[in-house]
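Asks: Contents of structure01.txt (compact mmCIF, C-alpha atoms):
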# COMPACT_ATOMS: atom_id res chain seq x y z
CA MET A 1 6.96 9.04 -24.09
CA ASN A 2 9.39 6.24 -23.29
CA PHE A 3 8.02 5.18 -19.92
CA ASP A 4 10.69 2.51 -19.43
CA ILE A 5 13.42 5.14 -19.43
CA ILE A 6 11.41 7.49 -17.23
CA ARG A 7 10.66 4.66 -14.78
CA ARG A 8 14.36 3.77 -14.49
CA ARG A 9 15.18 7.41 -13.82
CA MET A 10 12.47 7.53 -11.15
CA VAL A 11 13.94 4.49 -9.40
CA GLU A 12 17.49 5.83 -9.58
CA THR A 13 16.65 9.28 -8.21
CA GLN A 14 13.54 8.86 -6.03
CA ILE A 15 13.97 5.30 -4.75
CA VAL A 16 17.62 4.22 -4.66
CA GLY A 17 18.72 7.85 -4.32
CA ARG A 18 16.72 8.17 -1.11
CA GLY A 19 18.04 5.07 0.57
CA ILE A 20 15.80 2.17 -0.44
CA ARG A 21 18.10 -0.86 -0.43
CA ASP A 22 15.90 -3.98 -0.66
CA PRO A 23 16.75 -5.39 -4.12
CA ARG A 24 13.34 -7.04 -4.47
CA VAL A 25 11.56 -3.73 -3.84
CA ILE A 26 13.83 -1.96 -6.32
CA ASP A 27 13.16 -4.64 -8.95
CA ALA A 28 9.40 -4.36 -8.39
CA MET A 29 9.50 -0.58 -8.77
CA LEU A 30 11.46 -1.02 -12.00
CA LYS A 31 9.00 -3.57 -13.35
CA VAL A 32 5.52 -2.23 -12.55
CA PRO A 33 4.35 0.46 -15.05
CA ARG A 34 2.98 3.22 -12.81
CA ASN A 35 1.55 5.03 -15.84
CA ILE A 36 -1.11 2.31 -16.22
CA PHE A 37 -2.55 3.21 -12.81
CA VAL A 38 -3.26 6.89 -13.41
CA GLU A 39 -5.85 8.61 -15.58
CA GLU A 40 -4.81 9.18 -19.18
CA ALA A 41 -4.64 12.93 -18.66
CA MET A 42 -2.10 12.40 -15.85
CA THR A 43 0.25 9.93 -17.54
CA ALA A 44 2.89 12.59 -18.16
CA GLN A 45 3.16 12.98 -14.37
CA ALA A 46 2.97 9.26 -13.54
CA TYR A 47 6.62 9.06 -12.45
CA SER A 48 6.80 12.46 -10.75
CA ASP A 49 7.89 12.78 -7.14
CA LEU A 50 4.38 13.36 -5.82
CA ALA A 51 1.02 11.83 -5.04
CA ILE A 52 -1.42 12.06 -7.96
CA PRO A 53 -5.23 12.40 -7.80
CA ILE A 54 -7.11 9.33 -9.09
CA GLY A 55 -10.66 10.55 -8.51
CA GLU A 56 -13.11 10.25 -5.58
CA LYS A 57 -10.79 12.53 -3.53
CA GLN A 58 -8.18 9.75 -3.43
CA THR A 59 -4.57 9.64 -4.64
CA ILE A 60 -1.89 7.27 -5.87
CA SER A 61 0.92 7.57 -3.33
CA GLN A 62 4.30 9.17 -4.01
CA PRO A 63 6.66 6.52 -5.50
CA TYR A 64 9.13 6.81 -2.62
CA MET A 65 6.39 6.23 -0.05
CA VAL A 66 5.22 3.12 -1.93
CA ALA A 67 8.77 1.77 -1.93
CA LEU A 68 9.44 2.70 1.70
CA MET A 69 6.29 1.07 3.07
CA SER A 70 6.92 -2.02 0.95
CA GLU A 71 10.48 -2.27 2.27
CA MET A 72 9.24 -1.91 5.85
CA LEU A 73 7.22 -5.11 5.46
CA GLN A 74 10.45 -7.08 4.83
CA LEU A 75 8.81 -9.51 2.41
CA SER A 76 10.68 -12.58 1.15
CA GLY A 77 8.14 -13.75 -1.44
CA ARG A 78 6.38 -16.44 0.59
CA GLU A 79 3.95 -14.25 2.52
CA LYS A 80 0.21 -13.78 2.57
CA VAL A 81 -0.32 -10.00 2.61
CA LEU A 82 -3.33 -7.81 3.33
CA GLU A 83 -3.55 -4.33 1.81
CA LEU A 84 -6.20 -1.89 3.04
CA GLY A 85 -7.01 0.85 0.54
CA THR A 86 -6.51 -0.54 -2.97
CA GLY A 87 -6.90 2.88 -4.57
CA SER A 88 -5.38 2.86 -8.04
CA GLY A 89 -3.98 -0.66 -7.59
CA TYR A 90 -0.35 0.43 -7.99
CA GLN A 91 0.75 -0.47 -4.47
CA THR A 92 -1.21 -3.71 -4.88
CA ALA A 93 0.84 -4.59 -7.96
CA ILE A 94 4.10 -3.88 -6.12
CA LEU A 95 2.99 -6.18 -3.29
CA ALA A 96 2.01 -8.86 -5.83
CA GLU A 97 5.62 -8.80 -7.05
CA LEU A 98 6.94 -9.16 -3.49
CA ALA A 99 4.57 -11.67 -1.87
CA ASP A 100 2.96 -15.02 -2.62
CA ARG A 101 -0.65 -13.85 -2.18
CA VAL A 102 -2.22 -10.42 -1.82
CA TYR A 103 -5.64 -9.65 -0.38
CA THR A 104 -6.75 -6.06 -0.91
CA VAL A 105 -9.83 -4.11 0.21
CA GLU A 106 -11.22 -0.91 -1.31
CA ARG A 107 -14.32 0.85 0.02
CA ILE A 108 -15.05 2.87 -3.18
CA ARG A 109 -16.58 0.65 -5.85
CA SER A 110 -15.52 2.75 -8.87
CA LEU A 111 -11.87 2.72 -7.75
CA ALA A 112 -11.97 -1.01 -7.04
CA LEU A 113 -13.26 -1.75 -10.53
CA GLN A 114 -10.70 0.57 -12.10
CA ALA A 115 -7.88 -1.05 -10.12
CA ARG A 116 -9.06 -4.55 -11.01
CA LYS A 117 -9.00 -3.62 -14.70
CA ALA A 118 -5.42 -2.35 -14.47
CA LEU A 119 -4.25 -5.38 -12.48
CA ASP A 120 -5.91 -7.78 -14.92
CA ARG A 121 -4.20 -5.97 -17.78
CA LEU A 122 -0.88 -6.87 -16.18
CA HIS A 123 -2.01 -10.49 -15.64
CA TYR A 124 -1.64 -10.67 -11.87
CA LEU A 125 -3.13 -13.95 -10.69
CA ASN A 126 -2.16 -13.76 -7.01
CA ILE A 127 -4.43 -10.84 -6.05
CA ASN A 128 -7.83 -11.13 -4.35
CA LEU A 129 -9.80 -7.87 -4.26
CA LYS A 130 -13.04 -7.07 -2.46
CA ILE A 131 -15.12 -3.96 -1.89
CA GLY A 132 -15.76 -3.14 1.76
CA ASP A 133 -14.62 -1.45 4.95
CA GLY A 134 -10.84 -1.76 4.94
CA SER A 135 -10.51 -0.66 8.55
CA ASP A 136 -12.14 -3.97 9.49
CA GLY A 137 -9.43 -5.98 7.69
CA TRP A 138 -10.41 -9.30 6.11
CA VAL A 139 -11.33 -11.54 9.03
CA GLU A 140 -12.23 -14.58 6.94
CA GLU A 141 -8.74 -14.76 5.43
CA ALA A 142 -6.70 -13.96 8.57
CA PRO A 143 -4.05 -14.37 9.78
CA PHE A 144 -1.74 -12.40 7.48
CA ASP A 145 2.06 -12.37 7.48
CA ALA A 146 2.00 -8.66 6.66
CA ILE A 147 -0.58 -5.89 6.57
CA LEU A 148 -0.19 -2.56 4.77
CA VAL A 149 -2.62 0.33 5.29
CA THR A 150 -2.54 3.09 2.67
CA ALA A 151 -4.71 5.61 4.53
CA GLY A 152 -4.20 7.56 7.73
CA ALA A 153 -5.84 6.28 10.91
CA PRO A 154 -6.38 8.02 14.29
CA ASP A 155 -4.66 5.05 15.95
CA VAL A 156 -3.66 1.46 15.18
CA PRO A 157 -6.88 -0.59 14.92
CA THR A 158 -6.81 -3.51 17.37
CA GLN A 159 -8.81 -5.46 14.81
CA LEU A 160 -5.84 -5.38 12.42
CA VAL A 161 -3.29 -6.36 15.06
CA GLU A 162 -5.47 -9.38 15.85
CA GLN A 163 -5.35 -10.43 12.19
CA LEU A 164 -1.55 -10.33 12.11
CA ALA A 165 0.25 -13.68 12.23
CA LEU A 166 2.98 -14.36 14.77
CA GLY A 167 6.17 -12.86 13.42
CA GLY A 168 4.14 -10.56 11.16
CA ARG A 169 4.46 -6.84 10.48
CA LEU A 170 1.84 -4.12 10.06
CA VAL A 171 2.69 -0.74 8.50
CA ILE A 172 0.15 2.06 8.95
CA PRO A 173 0.07 5.89 8.93
CA VAL A 174 -1.21 7.13 12.31
CA GLY A 175 -2.06 10.67 13.36
CA ASN A 176 -4.60 13.40 12.75
CA GLN A 177 -6.54 13.98 9.53
CA ILE A 178 -3.76 16.08 7.97
CA ASP A 179 -0.40 14.75 9.17
CA GLN A 180 0.60 11.27 10.29
CA THR A 181 3.63 9.18 11.18
CA LEU A 182 4.33 5.77 9.72
CA VAL A 183 4.08 3.15 12.46
CA ILE A 184 5.52 -0.35 12.19
CA VAL A 185 3.74 -2.92 14.36
CA LYS A 186 5.54 -6.22 14.98
CA LYS A 187 3.84 -9.24 16.52
CA GLU A 188 6.61 -11.29 18.06
CA GLU A 189 6.54 -15.09 18.24
CA ASP A 190 5.69 -14.87 21.97
CA THR A 191 2.63 -12.70 21.03
CA THR A 192 4.29 -9.51 22.32
CA VAL A 193 3.28 -6.55 20.15
CA VAL A 194 5.94 -3.90 19.48
CA TYR A 195 5.14 -0.44 18.07
CA GLU A 196 7.85 1.57 16.29
CA GLU A 197 7.37 5.08 14.91
CA SER A 198 9.14 5.94 11.66
CA VAL A 199 8.90 8.92 9.28
CA PRO A 200 6.29 11.71 8.98
CA CYS A 201 3.79 11.25 6.14
CA ARG A 202 0.49 12.51 4.78
CA PHE A 203 -2.28 10.19 3.56
CA VAL A 204 -5.99 10.44 2.86
CA LYS A 205 -8.20 9.37 5.78
CA LEU A 206 -8.89 5.73 6.64
CA ILE A 207 -12.69 5.84 6.71
CA GLY A 208 -14.62 3.07 8.40
CA LYS A 209 -15.60 1.37 11.62
CA TYR A 210 -12.04 1.37 12.99
CA GLY A 211 -10.92 4.62 11.32
CA TRP A 212 -12.46 8.04 10.77
CA SER A 213 -16.16 8.48 10.06
CA GLY A 214 -17.08 9.68 6.58
CA GLU A 215 -18.47 12.94 7.96
CA GLN A 216 -15.26 14.06 9.67
Taking this structure as input, can you express it in the form of structure tokens?
Replies:
Amino acid sequence: MNFDIIRRRMVETQIVGRGIRDPRVIDAMLKVPRNIFVEEAMTAQAYSDLAIPIGEKQTISQPYMVALMSEMLQLSGREKVLELGTGSGYQTAILAELADRVYTVERIRSLALQARKALDRLHYLNINLKIGDGSDGWVEEAPFDAILVTAGAPDVPTQLVEQLALGGRLVIPVGNQIDQTLVIVKKEEDTTVVYEESVPCRFVKLIGKYGWSGEQ
């Protein structure tokens, strides 16, 4: 399969065709080979318009959702970004193309190791990955210019808002365990925090101290 051609078609129809306009996001989606981040048996579906299972009851997000959430962060290339829920590492790679430094947290060790292998294969040197409770953020490295959460939370964790730099943006799915809404949190320069609801979405649960418990 010629993945370069298929990737261009994906960007034209699923990304640009649905209204993504940030040229840096479009370029990143054109560059990063999504097929590297899925299991070999699923490579034929790597550029399909859907979320794909990656094991451990987790998924790699729909391409459009990856692009949309990335665009919502409004990254210029100079930022320090925190991602919570590394998963396959695909969204991490997109962020690495858009920001100066990326810090990413994954709670499932096997997925973290798999993601690290894929990211190393693509020679990303601006990514720091750790295994832990993503709902707790990464306190030691805060503040962050942008924070992206790739799992659904019952509400916006205060802990994450506190780790956001002045002028920063946090994008997170918020709702119940089945359906959520993307929420954009902006911390203004005067420390005012603004919450803006965007589109409906559906993500796996954010499990941890400031998310859902593993038993729910």
Asks: Could you list, with a cut-off of 8 Å and counting all atoms listed in the file, the residues of segment 48-84 of chain A near segment 7-29 of chain A, each shown with its nearest atom pair and the distance in Å rounded to one decimal, rows sorted by chain and ascending number, as JSON lines?
Replies:
{"residue": "A:Ser48", "atom": "CA", "partner": "A:Met10", "partner_atom": "CA", "distance": 7.5}
{"residue": "A:Asp49", "atom": "CA", "partner": "A:Gln14", "partner_atom": "CA", "distance": 7.0}
{"residue": "A:Pro63", "atom": "CA", "partner": "A:Gln14", "partner_atom": "CA", "distance": 7.3}
{"residue": "A:Tyr64", "atom": "CA", "partner": "A:Ile15", "partner_atom": "CA", "distance": 5.5}
{"residue": "A:Ala67", "atom": "CA", "partner": "A:Val25", "partner_atom": "CA", "distance": 6.5}
{"residue": "A:Leu68", "atom": "CA", "partner": "A:Ile20", "partner_atom": "CA", "distance": 6.7}
{"residue": "A:Ser70", "atom": "CA", "partner": "A:Val25", "partner_atom": "CA", "distance": 6.9}
{"residue": "A:Glu71", "atom": "CA", "partner": "A:Val25", "partner_atom": "CA", "distance": 6.4}
Asks: Okay, now the selection with C-alpha atoms, as a PDB file, keeping the file's coordinate frame?
Replies:
ATOM      1  CA  SER A  48       6.800  12.460 -10.750  1.00  0.00           C
ATOM      2  CA  ASP A  49       7.890  12.780  -7.140  1.00  0.00           C
ATOM      3  CA  PRO A  63       6.660   6.520  -5.500  1.00  0.00           C
ATOM      4  CA  TYR A  64       9.130   6.810  -2.620  1.00  0.00           C
ATOM      5  CA  ALA A  67       8.770   1.770  -1.930  1.00  0.00           C
ATOM      6  CA  LEU A  68       9.440   2.700   1.700  1.00  0.00           C
ATOM      7  CA  SER A  70       6.920  -2.020   0.950  1.00  0.00           C
ATOM      8  CA  GLU A  71      10.480  -2.270   2.270  1.00  0.00           C
TER       9      GLU A  71
END
Asks: Show me, as a PyMOL selection string, the residues that have an atom within 6 Å of segment 144-157 of chain A when counting all atoms listed in the file, minus same-chain residues fewer than 3 positions from it.
Replies: chain A and resi 79-85+160+164-165+168-176+203-206+210-211
Asks: Of the candidates A:Gln74, A:Gln58, A:Asn128, A:Thr86, which one gets nearest to Lys186 of chain A if we count only C-alpha atoms?
Replies: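 Nearest to Lys186 of chain A: A:Gln74.
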Asks: Quick one, how far is atom CA of Pro33 of chain A from atom CA of Ile131 of chain A?
Replies: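 Interatomic distance here is 23.9 Å.
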Asks: Rank A:Val102, A:Cys201, A:Ile108, A:Ile207 by their smallest atom-to-atom distance to Gln62 of chain A, using all atoms listed in the file, and report the top residue only.
Replies: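 Looking only at the distances to Gln62 of chain A, the closest residue turns out to be A:Cys201.
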Asks: Using Å and a single decimal, report how far atom CA of Ile127 of chain A sits from atom CA of Arg101 of chain A.
Replies: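 That distance, rounded to one decimal, is 6.2 Å.
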Asks: With only C-alpha atoms as the basis for distance, which of A:Ala99, A:Met69, A:Val139, A:Val32 is at the shortest distance from Val199 of chain A?
Replies: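 With only C-alpha atoms as the atom set, the closest residue is A:Met69.
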Asks: Suppose you want the space between atom CA of Glu189 of chain A and atom CA of Leu166 of chain A; what is it in Å?
Replies: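 Distance reported for this atom pair: 5.0 Å.
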Asks: Smallest atom-to-atom distance to Gln159 of chain A: which of A:Ser198, A:Ser76, A:Ser135, A:Asn35, using all atoms listed in the file?
Replies: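 Distance minimum relative to Gln159 of chain A lands on A:Ser135.
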Asks: Could you give me, as a PyMOL selection string, the residues within 10 Å of Ala93 of chain A, counting only C-alpha atoms and dropping anything in the same chain fewer than 2 positions from it?
Replies: chain A and resi 28-29+31-34+37+86+88-91+95-98+102+115+118-119+122+124+126-127
Asks: Might you pull out every residue within 9 Å of Glu196 of chain A, with only C-alpha atoms counted and same-chain residues fewer than 5 positions away left off, and present them as a PDB file with C-alpha atoms, keeping the file's coordinate frame?
Replies:
ATOM      1  CA  LEU A 182       4.330   5.770   9.720  1.00  0.00           C
ATOM      2  CA  VAL A 183       4.080   3.150  12.460  1.00  0.00           C
ATOM      3  CA  ILE A 184       5.520  -0.350  12.190  1.00  0.00           C
ATOM      4  CA  VAL A 185       3.740  -2.920  14.360  1.00  0.00           C
ATOM      5  CA  LYS A 186       5.540  -6.220  14.980  1.00  0.00           C
TER       6      LYS A 186
END
Asks: Can you work out which one of A:Arg121, A:Gly87, A:Tyr103, A:Gly134 has the shortest atom-to-atom distance to Lys57 of chain A, counting all atoms listed in the file?
Replies: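 Result for the nearest residue to Lys57 of chain A: A:Gly87.
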Asks: Please report, as AutoDock Vina command-line options, the centre and edge lengths in Å to one decimal of an axis-aligned box covering all listed atoms of segment 141-159 of chain A with 4 Å per side.
Replies:
--center_x -3.4 --center_y -3.4 --center_z 10.0 --size_x 18.9 --size_y 30.8 --size_z 22.7
Asks: Which neighbours of Glu162 of chain A fall inside 9 Å, counting all atoms listed in the file, when residues of the same chain fewer than 4 positions from it are skipped, and could you give them as an NGL selection string?
Replies: :A and (142-143 or 157-158)
Asks: Tell me which of A:Leu75, A:Thr191, A:Ile54, A:Gln163 sits closest to Ala112 of chain A, counting only C-alpha atoms.
Replies: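 For Ala112 of chain A, the nearest of the given residues is A:Ile54.
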